[in-house]
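Chemist: See run_32.cif below, with mmCIF, C-alpha atoms.
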data_start
#
loop_
_atom_site.group_PDB
_atom_site.id
_atom_site.type_symbol
_atom_site.label_atom_id
_atom_site.label_comp_id
_atom_site.auth_asym_id
_atom_site.auth_seq_id
_atom_site.Cartn_x
_atom_site.Cartn_y
_atom_site.Cartn_z
ATOM 1 C CA MET A 234 -88.858 151.564 -33.174
ATOM 2 C CA ILE A 235 -85.616 153.271 -34.167
ATOM 3 C CA ALA A 236 -84.137 152.513 -30.712
ATOM 4 C CA ASP A 237 -84.993 148.807 -31.025
ATOM 5 C CA ARG A 238 -83.352 148.681 -34.466
ATOM 6 C CA LYS A 239 -80.172 150.278 -33.075
ATOM 7 C CA TYR A 240 -80.124 147.732 -30.215
ATOM 8 C CA LEU A 241 -80.374 144.778 -32.572
ATOM 9 C CA VAL A 242 -77.620 146.123 -34.827
ATOM 10 C CA GLY A 243 -75.344 146.672 -31.828
ATOM 11 C CA LEU A 244 -76.064 143.157 -30.525
ATOM 12 C CA ALA A 245 -75.149 141.620 -33.872
ATOM 13 C CA GLN A 246 -71.889 143.577 -33.990
ATOM 14 C CA ALA A 247 -70.985 142.475 -30.441
ATOM 15 C CA CYS A 248 -71.599 138.805 -31.267
ATOM 16 C CA ALA A 249 -69.469 139.149 -34.405
ATOM 17 C CA LEU A 250 -66.613 140.602 -32.345
ATOM 18 C CA GLY A 251 -66.933 137.828 -29.726
ATOM 19 C CA LEU A 252 -67.826 140.231 -26.944
ATOM 20 C CA ILE A 253 -70.901 138.220 -26.051
ATOM 21 C CA ALA A 254 -70.720 134.451 -25.361
ATOM 22 C CA ALA A 255 -72.496 132.111 -27.720
ATOM 23 C CA PRO A 256 -75.660 130.406 -26.540
ATOM 24 C CA LEU A 257 -75.214 127.421 -24.178
ATOM 25 C CA ALA A 258 -76.658 125.019 -26.772
ATOM 26 C CA ALA A 259 -73.789 125.822 -29.138
ATOM 27 C CA GLN A 260 -71.069 125.147 -26.548
ATOM 28 C CA GLU A 261 -69.398 121.716 -26.544
ATOM 29 C CA THR A 262 -69.815 119.555 -23.465
ATOM 30 C CA ALA A 263 -66.482 119.423 -21.618
ATOM 31 C CA ALA A 264 -64.933 115.951 -21.028
ATOM 32 C CA PRO A 265 -64.926 114.789 -17.407
ATOM 33 C CA ALA A 266 -61.738 115.736 -15.620
ATOM 34 C CA PHE A 267 -59.169 113.016 -14.841
ATOM 35 C CA GLU A 268 -59.244 112.073 -11.168
ATOM 36 C CA PRO A 269 -56.036 110.295 -10.125
ATOM 37 C CA PHE A 270 -56.157 107.549 -7.506
ATOM 38 C CA VAL A 271 -53.465 106.951 -4.911
ATOM 39 C CA PHE A 272 -52.615 103.489 -3.605
ATOM 40 C CA ALA A 273 -50.256 102.074 -1.041
ATOM 41 C CA GLY A 274 -47.924 99.503 -2.617
ATOM 42 C CA THR A 275 -45.124 97.108 -1.771
ATOM 43 C CA VAL A 276 -41.998 96.544 -3.872
ATOM 44 C CA VAL A 277 -41.407 92.922 -4.915
ATOM 45 C CA ALA A 278 -39.134 91.121 -7.369
ATOM 46 C CA ARG A 279 -40.772 90.245 -10.680
ATOM 47 C CA GLU A 280 -38.930 86.918 -10.839
ATOM 48 C CA ILE A 281 -37.057 85.062 -8.103
ATOM 49 C CA THR A 282 -34.989 81.988 -9.026
ATOM 50 C CA GLY A 283 -34.247 79.299 -6.464
ATOM 51 C CA LEU A 284 -30.705 77.908 -6.342
ATOM 52 C CA SER A 285 -30.177 74.332 -5.162
ATOM 53 C CA TYR A 286 -27.420 71.713 -5.177
ATOM 54 C CA GLU A 287 -27.523 69.404 -8.202
ATOM 55 C CA THR A 288 -25.524 66.724 -6.383
ATOM 56 C CA GLY A 289 -24.609 65.861 -2.827
ATOM 57 C CA GLY A 290 -21.254 66.389 -1.099
ATOM 58 C CA CYS A 291 -19.356 68.435 1.438
ATOM 59 C CA ILE A 292 -18.666 72.153 0.957
ATOM 60 C CA VAL A 293 -14.975 73.021 0.482
ATOM 61 C CA ALA A 294 -15.247 76.655 -0.691
ATOM 62 C CA VAL A 295 -17.732 79.548 -0.581
ATOM 63 C CA SER A 296 -17.481 82.813 -2.544
ATOM 64 C CA ASP A 297 -16.391 85.556 -0.132
ATOM 65 C CA SER A 298 -17.620 88.354 -2.406
ATOM 66 C CA ALA A 299 -21.057 86.787 -2.762
ATOM 67 C CA ARG A 300 -21.347 86.304 0.985
ATOM 68 C CA ARG A 301 -20.105 89.829 1.723
ATOM 69 C CA THR A 302 -22.043 91.815 -0.879
ATOM 70 C CA GLY A 303 -25.055 89.566 -1.424
ATOM 71 C CA ALA A 304 -24.631 89.990 -5.172
ATOM 72 C CA ALA A 305 -23.480 87.658 -7.939
ATOM 73 C CA GLN A 306 -22.466 87.839 -11.580
ATOM 74 C CA THR A 307 -23.335 85.426 -14.382
ATOM 75 C CA ASP A 308 -21.437 82.092 -14.068
ATOM 76 C CA GLN A 309 -19.758 83.171 -10.844
ATOM 77 C CA VAL A 310 -18.892 80.138 -8.691
ATOM 78 C CA LEU A 311 -20.817 80.532 -5.437
ATOM 79 C CA VAL A 312 -20.196 77.184 -3.724
ATOM 80 C CA GLU A 313 -17.749 74.324 -4.413
ATOM 81 C CA LEU A 314 -18.242 70.751 -3.169
ATOM 82 C CA ASP A 315 -15.559 68.118 -2.582
ATOM 83 C CA THR A 316 -14.445 66.672 -5.938
ATOM 84 C CA GLN A 317 -12.414 63.634 -4.807
ATOM 85 C CA VAL A 318 -15.079 60.977 -5.353
ATOM 86 C CA SER A 319 -16.372 62.611 -8.525
ATOM 87 C CA GLU A 320 -12.859 62.839 -10.014
ATOM 88 C CA LEU A 321 -12.315 59.125 -9.374
ATOM 89 C CA ALA A 322 -15.615 58.244 -11.053
ATOM 90 C CA LEU A 323 -14.774 60.545 -13.960
ATOM 91 C CA GLU A 324 -11.370 58.938 -14.549
ATOM 92 C CA THR A 325 -12.944 55.480 -14.346
ATOM 93 C CA ALA A 326 -15.503 56.454 -16.971
ATOM 94 C CA ARG A 327 -12.776 57.821 -19.250
ATOM 95 C CA ALA A 328 -10.762 54.599 -18.930
ATOM 96 C CA ARG A 329 -13.869 52.580 -19.702
ATOM 97 C CA VAL A 330 -14.484 54.610 -22.884
ATOM 98 C CA ALA A 331 -10.855 54.101 -23.967
ATOM 99 C CA ASP A 332 -11.229 50.340 -23.450
ATOM 100 C CA LEU A 333 -14.455 50.269 -25.480
ATOM 101 C CA GLU A 334 -12.842 52.271 -28.276
ATOM 102 C CA ALA A 335 -10.045 49.705 -28.429
ATOM 103 C CA ALA A 336 -12.659 46.931 -28.589
ATOM 104 C CA VAL A 337 -14.311 48.633 -31.567
ATOM 105 C CA ASP A 338 -10.927 48.854 -33.309
ATOM 106 C CA GLU A 339 -10.370 45.130 -32.704
ATOM 107 C CA LYS A 340 -13.770 44.318 -34.186
ATOM 108 C CA GLN A 341 -12.869 46.367 -37.247
ATOM 109 C CA LEU A 342 -9.665 44.349 -37.663
ATOM 110 C CA ALA A 343 -11.746 41.177 -37.505
ATOM 111 C CA ILE A 344 -14.021 42.579 -40.229
ATOM 112 C CA ASP A 345 -11.015 43.419 -42.417
ATOM 113 C CA ALA A 346 -9.662 39.873 -41.996
ATOM 114 C CA ALA A 347 -13.073 38.355 -42.720
ATOM 115 C CA GLU A 348 -13.488 40.464 -45.856
ATOM 116 C CA ALA A 349 -10.043 39.332 -47.090
ATOM 117 C CA ASN A 350 -10.962 35.716 -46.401
ATOM 118 C CA VAL A 351 -14.233 36.099 -48.304
ATOM 119 C CA GLU A 352 -12.358 37.467 -51.297
ATOM 120 C CA ARG A 353 -9.786 34.637 -51.133
ATOM 121 C CA ARG A 354 -12.458 31.949 -50.861
ATOM 122 C CA ALA A 355 -14.332 33.494 -53.768
ATOM 123 C CA GLN A 356 -11.185 33.294 -55.889
ATOM 124 C CA GLU A 357 -10.661 29.657 -54.865
ATOM 125 C CA LEU A 358 -14.266 28.854 -55.716
ATOM 126 C CA ALA A 359 -13.876 30.478 -59.122
ATOM 127 C CA PHE A 360 -10.688 28.501 -59.792
ATOM 128 C CA VAL A 361 -12.222 25.181 -58.715
ATOM 129 C CA GLY A 362 -15.315 26.016 -60.754
ATOM 130 C CA LYS A 363 -13.234 26.357 -63.892
ATOM 131 C CA GLU A 364 -11.478 23.082 -63.099
ATOM 132 C CA PHE A 365 -14.810 21.376 -62.560
ATOM 133 C CA THR A 366 -16.160 22.646 -65.903
ATOM 134 C CA ARG A 367 -13.018 21.471 -67.758
ATOM 135 C CA ASN A 368 -13.013 18.035 -66.119
ATOM 136 C CA GLU A 369 -16.733 17.623 -66.739
ATOM 137 C CA GLN A 370 -16.171 18.065 -70.477
ATOM 138 C CA MET A 371 -13.257 15.655 -70.405
ATOM 139 C CA PHE A 372 -15.367 13.130 -68.471
ATOM 140 C CA ARG A 373 -18.122 13.280 -71.116
ATOM 141 C CA ARG A 374 -15.534 12.625 -73.784
ATOM 142 C CA GLY A 375 -14.177 9.696 -71.815
ATOM 143 C CA LEU A 376 -10.770 11.220 -71.256
ATOM 144 C CA ILE A 377 -10.945 10.846 -67.435
ATOM 145 C CA ASN A 378 -12.526 8.193 -65.297
ATOM 146 C CA GLU A 379 -15.371 8.523 -62.775
ATOM 147 C CA SER A 380 -13.070 8.446 -59.777
ATOM 148 C CA THR A 381 -11.173 11.503 -61.010
ATOM 149 C CA MET A 382 -14.442 13.318 -61.641
ATOM 150 C CA GLU A 383 -15.671 12.564 -58.139
ATOM 151 C CA GLY A 384 -12.477 14.067 -56.710
ATOM 152 C CA VAL A 385 -13.081 17.281 -58.664
ATOM 153 C CA GLU A 386 -16.706 17.405 -57.465
ATOM 154 C CA SER A 387 -15.501 16.994 -53.865
ATOM 155 C CA ARG A 388 -13.065 19.894 -54.228
ATOM 156 C CA MET A 389 -15.899 21.982 -55.739
ATOM 157 C CA MET A 390 -18.185 21.275 -52.790
ATOM 158 C CA ASN A 391 -15.429 22.061 -50.286
ATOM 159 C CA ALA A 392 -14.648 25.375 -52.000
ATOM 160 C CA ASP A 393 -18.325 26.349 -52.076
ATOM 161 C CA PHE A 394 -18.687 25.466 -48.373
ATOM 162 C CA ALA A 395 -15.567 27.470 -47.488
ATOM 163 C CA ALA A 396 -16.925 30.502 -49.393
ATOM 164 C CA ASP A 397 -20.239 30.341 -47.510
ATOM 165 C CA GLN A 398 -18.441 29.920 -44.199
ATOM 166 C CA ALA A 399 -16.275 32.981 -44.915
ATOM 167 C CA LYS A 400 -19.396 35.064 -45.588
ATOM 168 C CA GLU A 401 -20.933 33.898 -42.294
ATOM 169 C CA THR A 402 -17.737 34.812 -40.461
ATOM 170 C CA LEU A 403 -17.846 38.295 -42.023
ATOM 171 C CA ALA A 404 -21.481 38.764 -40.994
ATOM 172 C CA SER A 405 -20.637 37.688 -37.444
ATOM 173 C CA ALA A 406 -17.721 40.173 -37.329
ATOM 174 C CA VAL A 407 -19.950 42.999 -38.532
ATOM 175 C CA SER A 408 -22.526 42.142 -35.851
ATOM 176 C CA ALA A 409 -19.834 42.004 -33.157
ATOM 177 C CA LYS A 410 -18.606 45.452 -34.162
ATOM 178 C CA ALA A 411 -22.153 46.843 -34.004
ATOM 179 C CA ARG A 412 -22.514 45.513 -30.447
ATOM 180 C CA ALA A 413 -19.120 47.002 -29.548
ATOM 181 C CA GLU A 414 -20.208 50.376 -30.929
ATOM 182 C CA ILE A 415 -23.394 50.227 -28.830
ATOM 183 C CA ALA A 416 -21.311 49.473 -25.732
ATOM 184 C CA LEU A 417 -19.037 52.394 -26.632
ATOM 185 C CA ARG A 418 -22.033 54.710 -26.956
ATOM 186 C CA ILE A 419 -23.265 53.632 -23.531
ATOM 187 C CA GLY A 420 -19.806 54.261 -22.108
ATOM 188 C CA GLU A 421 -19.704 57.719 -23.675
ATOM 189 C CA LEU A 422 -23.086 58.558 -22.158
ATOM 190 C CA GLU A 423 -21.866 57.406 -18.756
ATOM 191 C CA LEU A 424 -18.800 59.608 -19.202
ATOM 192 C CA GLN A 425 -21.010 62.592 -20.065
ATOM 193 C CA SER A 426 -23.064 61.889 -16.951
ATOM 194 C CA GLN A 427 -19.935 61.857 -14.805
ATOM 195 C CA GLU A 428 -18.760 65.098 -16.415
ATOM 196 C CA VAL A 429 -22.108 66.730 -15.644
ATOM 197 C CA ASP A 430 -21.922 65.515 -12.044
ATOM 198 C CA TYR A 431 -18.409 66.914 -11.809
ATOM 199 C CA GLN A 432 -19.517 70.294 -13.156
ATOM 200 C CA ASN A 433 -22.458 70.308 -10.742
ATOM 201 C CA LEU A 434 -20.027 70.259 -7.840
ATOM 202 C CA LYS A 435 -19.604 73.982 -8.559
ATOM 203 C CA LEU A 436 -22.770 75.990 -8.004
ATOM 204 C CA ARG A 437 -22.804 78.991 -10.368
ATOM 205 C CA ALA A 438 -25.009 82.084 -10.575
ATOM 206 C CA PRO A 439 -27.399 81.845 -13.556
ATOM 207 C CA TYR A 440 -27.390 85.621 -14.148
ATOM 208 C CA ASP A 441 -26.399 88.944 -12.583
ATOM 209 C CA GLY A 442 -28.529 89.369 -9.496
ATOM 210 C CA VAL A 443 -29.009 89.830 -5.770
ATOM 211 C CA LEU A 444 -28.831 86.797 -3.466
ATOM 212 C CA LEU A 445 -31.341 86.092 -0.713
ATOM 213 C CA GLY A 446 -30.665 83.696 2.156
ATOM 214 C CA PHE A 447 -27.157 82.808 0.957
ATOM 215 C CA GLU A 448 -25.552 81.288 4.095
ATOM 216 C CA PRO A 449 -23.521 78.140 3.215
ATOM 217 C CA ASN A 450 -20.580 77.162 5.422
ATOM 218 C CA VAL A 451 -17.372 75.336 4.574
ATOM 219 C CA GLY A 452 -17.452 71.802 5.986
ATOM 220 C CA ASP A 453 -21.218 71.350 5.782
ATOM 221 C CA CYS A 454 -22.366 68.265 3.887
ATOM 222 C CA VAL A 455 -25.446 68.698 1.727
ATOM 223 C CA ASN A 456 -27.797 66.503 -0.287
ATOM 224 C CA ALA A 457 -28.810 66.857 -3.912
ATOM 225 C CA GLY A 458 -31.803 69.180 -4.236
ATOM 226 C CA ALA A 459 -31.111 71.087 -1.007
ATOM 227 C CA SER A 460 -31.801 74.823 -1.282
ATOM 228 C CA VAL A 461 -28.824 77.202 -1.265
ATOM 229 C CA ALA A 462 -30.366 80.632 -1.814
ATOM 230 C CA GLN A 463 -32.610 82.673 -4.074
ATOM 231 C CA ILE A 464 -31.533 85.193 -6.686
ATOM 232 C CA TYR A 465 -33.335 87.985 -8.510
ATOM 233 C CA ALA A 466 -32.363 90.643 -11.058
ATOM 234 C CA PRO A 467 -32.276 94.071 -9.309
ATOM 235 C CA GLU A 468 -33.617 95.904 -12.376
ATOM 236 C CA LYS A 469 -36.679 93.668 -12.626
ATOM 237 C CA LYS A 470 -38.987 94.823 -9.844
ATOM 238 C CA ALA A 471 -42.721 95.344 -9.487
ATOM 239 C CA VAL A 472 -45.093 97.009 -7.049
ATOM 240 C CA GLU A 473 -48.089 95.125 -5.719
ATOM 241 C CA VAL A 474 -51.189 97.184 -4.944
ATOM 242 C CA PHE A 475 -54.775 96.450 -3.990
ATOM 243 C CA VAL A 476 -57.437 98.319 -5.954
ATOM 244 C CA ARG A 477 -61.009 98.639 -4.777
ATOM 245 C CA VAL A 478 -63.672 97.288 -7.103
ATOM 246 C CA ASP A 479 -65.542 100.622 -7.102
ATOM 247 C CA GLN A 480 -62.379 102.292 -8.389
ATOM 248 C CA LEU A 481 -62.157 99.829 -11.252
ATOM 249 C CA VAL A 482 -65.772 100.324 -12.312
ATOM 250 C CA ALA A 483 -65.962 104.077 -11.622
ATOM 251 C CA GLN A 484 -67.522 106.217 -14.370
ATOM 252 C CA GLN A 485 -64.744 108.792 -14.354
ATOM 253 C CA SER A 486 -61.293 107.941 -15.700
ATOM 254 C CA SER A 487 -59.061 106.651 -12.890
ATOM 255 C CA GLY A 488 -56.048 105.413 -14.875
ATOM 256 C CA VAL A 489 -56.358 101.843 -13.551
ATOM 257 C CA MET A 490 -55.976 99.634 -16.628
ATOM 258 C CA ILE A 491 -53.385 97.411 -18.249
ATOM 259 C CA GLY A 492 -50.590 99.578 -19.636
ATOM 260 C CA ALA A 493 -51.694 102.739 -17.804
ATOM 261 C CA PRO A 494 -48.748 104.817 -16.459
ATOM 262 C CA VAL A 495 -48.224 105.537 -12.767
ATOM 263 C CA ARG A 496 -45.854 107.479 -10.557
ATOM 264 C CA ILE A 497 -44.190 105.574 -7.725
ATOM 265 C CA ALA A 498 -43.175 107.819 -4.810
ATOM 266 C CA ARG A 499 -40.759 106.839 -2.048
ATOM 267 C CA ILE A 500 -40.637 108.187 1.501
ATOM 268 C CA ASN A 501 -37.432 110.118 0.732
ATOM 269 C CA GLY A 502 -39.195 112.061 -2.025
ATOM 270 C CA GLN A 503 -37.685 110.182 -4.954
ATOM 271 C CA SER A 504 -40.076 108.949 -7.618
ATOM 272 C CA CYS A 505 -40.028 106.337 -10.315
ATOM 273 C CA GLY A 506 -42.190 105.541 -13.306
ATOM 274 C CA GLY A 507 -44.121 102.389 -13.998
ATOM 275 C CA ALA A 508 -47.189 100.901 -15.635
ATOM 276 C CA PHE A 509 -49.921 98.432 -14.759
ATOM 277 C CA THR A 510 -49.106 94.987 -16.159
ATOM 278 C CA TRP A 511 -51.657 92.834 -14.359
ATOM 279 C CA ILE A 512 -55.027 93.347 -12.707
ATOM 280 C CA GLY A 513 -56.559 90.410 -10.908
ATOM 281 C CA THR A 514 -59.939 88.945 -11.755
ATOM 282 C CA GLU A 515 -61.000 87.931 -8.233
ATOM 283 C CA ALA A 516 -61.999 90.377 -5.515
ATOM 284 C CA ASP A 517 -61.609 89.840 -1.802
ATOM 285 C CA LEU A 518 -65.052 88.971 -0.424
ATOM 286 C CA GLU A 519 -64.768 91.023 2.750
ATOM 287 C CA HIS A 520 -63.071 94.218 1.581
ATOM 288 C CA GLN A 521 -63.703 94.071 -2.208
ATOM 289 C CA TYR A 522 -60.058 94.591 -3.114
ATOM 290 C CA VAL A 523 -58.457 93.292 -6.315
ATOM 291 C CA LYS A 524 -54.736 92.513 -6.283
ATOM 292 C CA SER A 525 -52.798 94.190 -9.110
ATOM 293 C CA SER A 526 -49.186 94.498 -10.222
ATOM 294 C CA ILE A 527 -47.172 97.421 -11.594
ATOM 295 C CA GLU A 528 -43.927 96.961 -13.498
ATOM 296 C CA VAL A 529 -41.260 99.442 -12.387
ATOM 297 C CA ASP A 530 -39.072 101.200 -14.939
ATOM 298 C CA GLU A 531 -35.763 99.334 -15.086
ATOM 299 C CA ALA A 532 -33.760 102.579 -14.971
ATOM 300 C CA CYS A 533 -34.758 103.332 -11.390
ATOM 301 C CA ALA A 534 -35.800 99.884 -10.147
ATOM 302 C CA PRO A 535 -32.371 98.952 -8.665
ATOM 303 C CA ALA A 536 -32.677 101.802 -6.145
ATOM 304 C CA LEU A 537 -35.865 100.332 -4.650
ATOM 305 C CA TYR A 538 -35.665 97.845 -1.791
ATOM 306 C CA LEU A 539 -37.633 94.626 -1.672
ATOM 307 C CA ASN A 540 -40.691 94.941 0.596
ATOM 308 C CA GLU A 541 -40.308 98.738 0.607
ATOM 309 C CA ALA A 542 -43.585 100.608 1.120
ATOM 310 C CA VAL A 543 -44.292 103.141 -1.631
ATOM 311 C CA GLU A 544 -47.128 105.357 -2.806
ATOM 312 C CA VAL A 545 -48.567 104.860 -6.280
ATOM 313 C CA GLU A 546 -50.448 107.587 -8.126
ATOM 314 C CA THR A 547 -52.223 106.998 -11.409
ATOM 315 C CA LEU A 548 -51.416 109.303 -14.315
ATOM 316 C CA PRO A 549 -53.437 110.302 -17.373
ATOM 317 C CA ASN A 550 -52.951 107.851 -20.226
ATOM 318 C CA PRO A 551 -51.483 109.766 -23.209
ATOM 319 C CA SER A 552 -53.428 107.557 -25.612
#
Just dump the structure as structure tokens.
Modeler:
Amino acid sequence: MIADRKYLVGLAQACALGLIAAPLAAQETAAPAFEPFVFAGTVVAREITGLSYETGGCIVAVSDSARRTGAAQTDQVLVELDTQVSELALETARARVADLEAAVDEKQLAIDAAEANVERRAQELAFVGKEFTRNEQMFRRGLINESTMEGVESRMMNADFAADQAKETLASAVSAKARAEIALRIGELELQSQEVDYQNLKLRAPYDGVLLGFEPNVGDCVNAGASVAQIYAPEKKAVEVFVRVDQLVAQQSSGVMIGAPVRIARINGQSCGGAFTWIGTEADLEHQYVKSSIEVDEACAPALYLNEAVEVETLPNPS
């Protein structure tokens, strides 16, 4: 009895000191360990822009640096086409606009003259109106005869007709100027079109990037819409991988989800960071693979080559 009591007291002291593990029921269940997956991937450009000729013509100059290095800077002239025909059309359009501007000025002069005539005819009508009123009173008093009164009435009618005619002439001048302004606007639009065509004779790089298939030659004649090359930003690359469906639906955490971080390893031992940005929604029927895309960190993306084979390893998501 005394021995059993000593054993129980010693057991309690050992538990209090942590020398004996707690019962299994009191222990927390450990979370399943993260199991990284490894995929084979291919480096691709996130965005590739096609470059084409906006107008037709013959090539007179090609950028040596772009041809030699395969790289271009924003607004760099890559190809120049012959400008002789375009310059002639541009000068013709400018002369046409100058002629239309002069026509508008002439119509304005006609309006000014018509407005002055309207004012003069209005003054004449007012003067004849006063004369008519005075002679009408004199006629009623018998101071002038009917023949004299008829002459005043005739002058009144002529002045009124001349005033109306002057107003019609002014309205016609205003309308003619409006038509001249419309013609001028059309001429200005044609000039803008010629200026755009002239600018399009120089093919420029839309942004800093790497050129693909850039092989124009001086002397070649091309058509509008013909392809020149493709360009992509070297810091904007992605890695395409194929993930098995069972890896996507696995019970344990695999790190395959939108925004999940990955490590991209090259053959030379260098590595680069990235994250899943797209996971397809359609699996290949035969092999049950789902195409996915990983965005490469822009800091190290320029060092990767297009179509380079890399190894992708999923990493634990900090969140």
Chemist: With only C-alpha atoms counted, which protein, DNA or RNA residues have an atom no more than 12 Å from (-38.9, 87.3, -4.9) in the file frame? Please answer as a ChimeraX atom specification.
Modeler: /A:276-283,442-446,462-467,469-472,538-540
Chemist: Could you dump the residues just selected with C-alpha atoms as a PDB file, in the coordinates of the input?
Modeler:
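So result.pdb came out as:
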ATOM      1  CA  VAL A 276     -41.998  96.544  -3.872  1.00  0.00           C
ATOM      2  CA  VAL A 277     -41.407  92.922  -4.915  1.00  0.00           C
ATOM      3  CA  ALA A 278     -39.134  91.121  -7.369  1.00  0.00           C
ATOM      4  CA  ARG A 279     -40.772  90.245 -10.680  1.00  0.00           C
ATOM      5  CA  GLU A 280     -38.930  86.918 -10.839  1.00  0.00           C
ATOM      6  CA  ILE A 281     -37.057  85.062  -8.103  1.00  0.00           C
ATOM      7  CA  THR A 282     -34.989  81.988  -9.026  1.00  0.00           C
ATOM      8  CA  GLY A 283     -34.247  79.299  -6.464  1.00  0.00           C
ATOM      9  CA  GLY A 442     -28.529  89.369  -9.496  1.00  0.00           C
ATOM     10  CA  VAL A 443     -29.009  89.830  -5.770  1.00  0.00           C
ATOM     11  CA  LEU A 444     -28.831  86.797  -3.466  1.00  0.00           C
ATOM     12  CA  LEU A 445     -31.341  86.092  -0.713  1.00  0.00           C
ATOM     13  CA  GLY A 446     -30.665  83.696   2.156  1.00  0.00           C
ATOM     14  CA  ALA A 462     -30.366  80.632  -1.814  1.00  0.00           C
ATOM     15  CA  GLN A 463     -32.610  82.673  -4.074  1.00  0.00           C
ATOM     16  CA  ILE A 464     -31.533  85.193  -6.686  1.00  0.00           C
ATOM     17  CA  TYR A 465     -33.335  87.985  -8.510  1.00  0.00           C
ATOM     18  CA  ALA A 466     -32.363  90.643 -11.058  1.00  0.00           C
ATOM     19  CA  PRO A 467     -32.276  94.071  -9.309  1.00  0.00           C
ATOM     20  CA  LYS A 469     -36.679  93.668 -12.626  1.00  0.00           C
ATOM     21  CA  LYS A 470     -38.987  94.823  -9.844  1.00  0.00           C
ATOM     22  CA  ALA A 471     -42.721  95.344  -9.487  1.00  0.00           C
ATOM     23  CA  VAL A 472     -45.093  97.009  -7.049  1.00  0.00           C
ATOM     24  CA  TYR A 538     -35.665  97.845  -1.791  1.00  0.00           C
ATOM     25  CA  LEU A 539     -37.633  94.626  -1.672  1.00  0.00           C
ATOM     26  CA  ASN A 540     -40.691  94.941   0.596  1.00  0.00           C
TER      27      ASN A 540
END
Chemist: Each residue of stretch 280-377 of chain A lying at most 10 Å from stretch 402-416 of chain A should get a row with its shortest atom-to-atom pair and the distance in Å to one decimal, counting only C-alpha atoms; could you produce that, ordered by chain and increasing number, as CSV?
Modeler:
residue,atom,partner,partner_atom,distance
A:Val330,CA,A:Ala416,CA,9.0
A:Leu333,CA,A:Ala416,CA,6.9
A:Glu334,CA,A:Glu414,CA,8.1
A:Ala335,CA,A:Ala413,CA,9.5
A:Ala336,CA,A:Ala413,CA,6.5
A:Val337,CA,A:Ala413,CA,5.5
A:Asp338,CA,A:Lys410,CA,8.4
A:Glu339,CA,A:Lys410,CA,8.4
A:Lys340,CA,A:Lys410,CA,5.0
A:Gln341,CA,A:Lys410,CA,6.6
A:Leu342,CA,A:Ala406,CA,9.1
A:Ala343,CA,A:Ala406,CA,6.1
A:Ile344,CA,A:Ala406,CA,5.3
A:Asp345,CA,A:Leu403,CA,8.5
A:Ala346,CA,A:Leu403,CA,8.3
A:Ala347,CA,A:Leu403,CA,4.8
A:Glu348,CA,A:Leu403,CA,6.2
A:Ala349,CA,A:Leu403,CA,9.4
A:Asn350,CA,A:Leu403,CA,8.6
A:Val351,CA,A:Leu403,CA,7.6
Chemist: Env of A:Asp393: 12 Å cut, atoms = all atoms listed in the file, seq-sep filter 5 positions within chain, self excluded. Answer as a PDB file with C-alpha atoms, in the coordinates of the input.
Modeler:
ATOM      1  CA  VAL A 351     -14.233  36.099 -48.304  1.00  0.00           C
ATOM      2  CA  ARG A 353      -9.786  34.637 -51.133  1.00  0.00           C
ATOM      3  CA  ARG A 354     -12.458  31.949 -50.861  1.00  0.00           C
ATOM      4  CA  ALA A 355     -14.332  33.494 -53.768  1.00  0.00           C
ATOM      5  CA  GLN A 356     -11.185  33.294 -55.889  1.00  0.00           C
ATOM      6  CA  GLU A 357     -10.661  29.657 -54.865  1.00  0.00           C
ATOM      7  CA  LEU A 358     -14.266  28.854 -55.716  1.00  0.00           C
ATOM      8  CA  ALA A 359     -13.876  30.478 -59.122  1.00  0.00           C
ATOM      9  CA  PHE A 360     -10.688  28.501 -59.792  1.00  0.00           C
ATOM     10  CA  VAL A 361     -12.222  25.181 -58.715  1.00  0.00           C
ATOM     11  CA  GLY A 362     -15.315  26.016 -60.754  1.00  0.00           C
ATOM     12  CA  GLU A 386     -16.706  17.405 -57.465  1.00  0.00           C
ATOM     13  CA  SER A 387     -15.501  16.994 -53.865  1.00  0.00           C
ATOM     14  CA  ARG A 388     -13.065  19.894 -54.228  1.00  0.00           C
ATOM     15  CA  GLN A 398     -18.441  29.920 -44.199  1.00  0.00           C
ATOM     16  CA  ALA A 399     -16.275  32.981 -44.915  1.00  0.00           C
ATOM     17  CA  LYS A 400     -19.396  35.064 -45.588  1.00  0.00           C
TER      18      LYS A 400
END
Chemist: Counting only C-alpha atoms, what is within 9 Å of A:Glu287, bar same-chain residues fewer than 6 positions away, as a list in words?
Modeler: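 Surrounding residues, per the criterion: Asp430, Asn433, Leu434, Leu436, Asn456, Ala457, Gly458 and Ala459 of chain A.
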Chemist: So what do you get for atom CA of A:Arg437 versus atom CA of A:Val529, distance-wise?
Modeler: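 Calculated distance between atom CA of A:Arg437 and atom CA of A:Val529 is 27.6 Å.
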Chemist: Enter the distance from atom CA of A:Ala395 to atom CA of A:Ser380, in Å, rounded to one decimal.
Modeler: 22.8 Å
Chemist: Give me the residues within 12 Å of A:Leu424 as a list in words, counting only C-alpha atoms and dropping any in the same chain fewer than 4 places off.
Modeler: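 In the requested format, the answer is Ser319, Glu320, Leu321, Ala322, Leu323, Glu324, Thr325, Ala326, Arg327, Ala328, Arg329, Val330, Ala331, Leu417, Arg418, Ile419, Gly420, Glu428, Val429, Asp430 and Tyr431 of chain A.
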Chemist: I need the output of the PyMOL selection byres ((chain A and resi 299) around 12) for this file as a PyMOL selection string; which residues are they?
Modeler: chain A and resi 294-298+300-307+309-312+437-438+441-449+462+464
Chemist: From the options A:Val495, A:Ile527, A:Val455, A:Ile377, which residue's atoms come nearest to A:Glu473, counting all atoms listed in the file?
Modeler: A:Ile527
Chemist: From the options A:Ile497, A:Leu314, A:Val451, A:Leu376, which residue's atoms come nearest to A:Glu546, counting all atoms listed in the file?
Modeler: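 Closest to A:Glu546, using all atoms listed in the file: A:Ile497.
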